[in-house]
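Asker: Quick one: structure below, then a few questions.
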Amino acid sequence: MAAPMLQWARAGRCWLLGPCPRRMILLFAEPGPGRVRGQSSAAAQEPRPGAQEWAAVVGLEIHVQISSNSKLFSGSQVTFLAPPNSLVSFFDASLPGTLPVLNRRCVEAAVMTGLALNCTVNKKSLFDRKHYFYADLPAGYQITQQRRPIAINGSLTYSLGVGALWSPSATKTVRIKQIQLEQDSGKSLHDDMRSQTLIDLNRAGVGLMEVVMEPDMSCGDEAATAVKELQLILRALGTSQANMAEGQLRVDANVSVHHPGEPLGVRTEVKNLNSIRFLAKAIDYEIQRQIKELENGGKILNETRAFDEKLGCTVSMRDKEGKQDYRFMPEPNLPPLILYDTESLPMGADPQQVVNIDRIRESLPELPSVTRERLVEQYGILPEHSFALLNEDGLLEFFQNVMKETRAEPKKVIGWILSTFLGYLKQRNLAVSESPVSPSSLAELLSLLDDKVISQPAAQQVFEELWQNQGKSPGQIVQEKKLELLHQQEELEEICQAVLDQHPQEVTGIFFVTSGEWGGGCHQHKWLEVSSKAQVFPADLQDELWGWLGVTSGH
């Protein structure tokens, strides 16, 4: 496959792939301090005369922790933040004479993930030993699938999202080379104060799926978007919680740059990226670092690097080890893993003793891409709103629960959820599950607003009260605060008289008559609303005030 070239989409952030060279704006490297750190730079958008063209190639290796109660080859429990070395079996500690027993749940999760990613599931896959020596790997080798993984040749389609140019219809597909089952290693805890390293084997032997993506991406934002889409798929399937903060999804990024039409450059691997935001930053920095190094006459080393989150740059860890150093060999204690479909299933086979690929395919849930299409069709919301609902964990369920209980239109509901509700969560760094406002409370509030019982400013006031005072319903707050809209003619007349008596200069300054029509600009509604303490719709009060002043409506 020809290496993709880079199209500038947003200064200092991303370069997008074009479908053919004639539609591409090539990146011309002109590294400066702002460019290297990923900051905005006007010079980055226009090539300087004689500048070299560069193309970046990005591939990903994603380690996904499988949602399972026990480890891949032992019965030890899998629990986050358990006391150190409290979940370690004899096999996990690699004591002599212990043998692996394959976890059926992990196999089914890998098959389900492979099917969701359009992979070919191998009916026969093999386990191998990958040898390397480190303190958190007691056996001196990792059991993985090097020769014949459980799934191969898949694909993942995602929407390109780059600032103002984001479009749900602009999609790209990255190829999935393979999905393989393997063990996780333990965890090394470095104590710099005592100059020692402590080993926690709770994680040793936990089941992982390694998802290998071909180098079809060209920048950090593309890689981040692909990983986010994979994360949504894994959660929809239930095969992994994919919580990056808990180490359940970790990414290694392979990055290289080259001149278009020339062989691919030497790649570096940025290891253990545990945040989608840091993934994008690390890749973009590494692209700029390599371009700057080559343009200054330097050489790119085939090495492993880490991303320093505080400095915002990658730092060298060690020279990249070749595959031959791992001395792969067949795992002698595990037979080939045999899977079946409906046609090859033996007669009279016990369903509990075999894994049926077709049965797993039939049980696949609705995937995120289908969910987004359904939301747009069912509720008439914008495609970008459907992405926002899925991208925030728990927000889609919250929205659907509100819709079940409110009479408000979906567009009004989605507006409140994405602006007011989500805004409150972001300001306070809370998850949807931690919100003090329940779906039923928001549904009742929006119904009051839709029925014109309260005004928009009053609804905002009620929402603030709901956030601060749990236990009260929107109806109770409206009654206590006397926020109901006034509809009686006498009440409107009293407000108009009060406005004219208390603010004669403001009325004269804001409103004026020109040829029998009303004028005064965009300030009138806000001022009238404040004057009536949010108890009257501005349009109703304005019409009444017009009548008092003998002015024709300008609507």
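Following the order of the structure tokens, chains are lettered A, B, ..., residues in each are numbered from 1, and ligands are numbered from 1.
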Can you tell me which residues surround Asn272 (chain A) at a distance of at most 9 Å, considering only C-alpha atoms, apart from same-chain residues fewer than 3 positions away, and format the answer as an MDAnalysis selection string?

Answerer: chainID A and resid 250:253 306:307

Asker: Check the DSSP output for the backbone and give back, as a ChimeraX atom specification, the residues of region 247-320 of chain A in helix (DSSP H, G or I).

Answerer: /A:276-295

Asker: Which residues, written as an MDAnalysis selection string, have at least one atom at most 12 Å from region 361-376 of chain A, with only C-alpha atoms counted and residues fewer than 4 positions away on the same chain left out?

Answerer: chainID A and resid 108:121 156:159 168:169 171 228:239 341:342 355:357 380:391 396:397 399:400 403 410:411 414

Asker: Looking at A:Phe463, A:Tyr285, A:Tyr132, A:Phe127, which one is nearest to Ile417 (chain A), with distances taken over only C-alpha atoms?

Answerer: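 Using only C-alpha atoms, Ile417 (chain A) sits closest to A:Phe463.
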
Asker: Write out as a PyMOL selection string the residues lying within 9 Å of Leu181 (chain A), counting only C-alpha atoms and excluding same-chain residues fewer than 3 positions away.

Answerer: chain A and resi 72+106-107+110+127+143-145+149-150+207-210

Asker: Write out as an NGL selection string the residues lying within 9 Å of Leu95 (chain A), counting only C-alpha atoms and excluding same-chain residues fewer than 3 positions away.

Answerer: :A and (90-92 or 98 or 138-139)

Asker: Could you give me, as a VMD selection string, each residue of region 216-430 of chain A that DSSP assigns to strand (DSSP E) when run on this structure's backbone?

Answerer: chain A and resid 216 to 217 249 to 258 268 to 273 303 to 308 313 to 319 329 to 330 337 to 338

Asker: Interatomic distance between CA of Glu343 (chain A) and CA of Ser67 (chain A)?

Answerer: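 If I compute the distance from CA of Glu343 (chain A) to CA of Ser67 (chain A), I get 29.2 Å.
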
Asker: Just want the 9 Å neighbourhood of region 333-335 of chain A, counted on only C-alpha atoms, with same-chain residues fewer than 4 positions away dropped. Output as a ChimeraX atom specification.

Answerer: /A:99-102,126-128

Asker: For Gln178 (chain A), list every protein, DNA or RNA residue within 6 Å, evaluated using only C-alpha atoms, and leave out those in the same chain fewer than 2 positions away; present the list as a list of chain:residue names.

Answerer: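 The filter keeps A:Ala151, A:Ile152, A:Ile176, A:Val212.
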
Asker: Between A:Gly298, A:Pro263, A:Gly220, A:Pro346, which is the closest to Leu279 (chain A) once you count only C-alpha atoms?

Answerer: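 Selected residue with least distance to Leu279 (chain A): A:Gly220.
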
Asker: Take CA of Leu483 (chain A) and CA of Ser438 (chain A) and report the distance between them in Å, one decimal.

Answerer: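 About the pair CA of Leu483 (chain A) and CA of Ser438 (chain A): they are 21.1 Å apart.
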
Asker: Please indicate the distance in Å from CA of Ile283 (chain A) to CA of Arg318 (chain A), rounded to one decimal place.

Answerer: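 These two atoms are separated by 18.0 Å.
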
Asker: When you count only C-alpha atoms, which of these residues is closest to Val211 (chain A): A:Lys172, A:Lys271, A:His63, A:Lys123?

Answerer: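 Result for the nearest residue to Val211 (chain A): A:His63.
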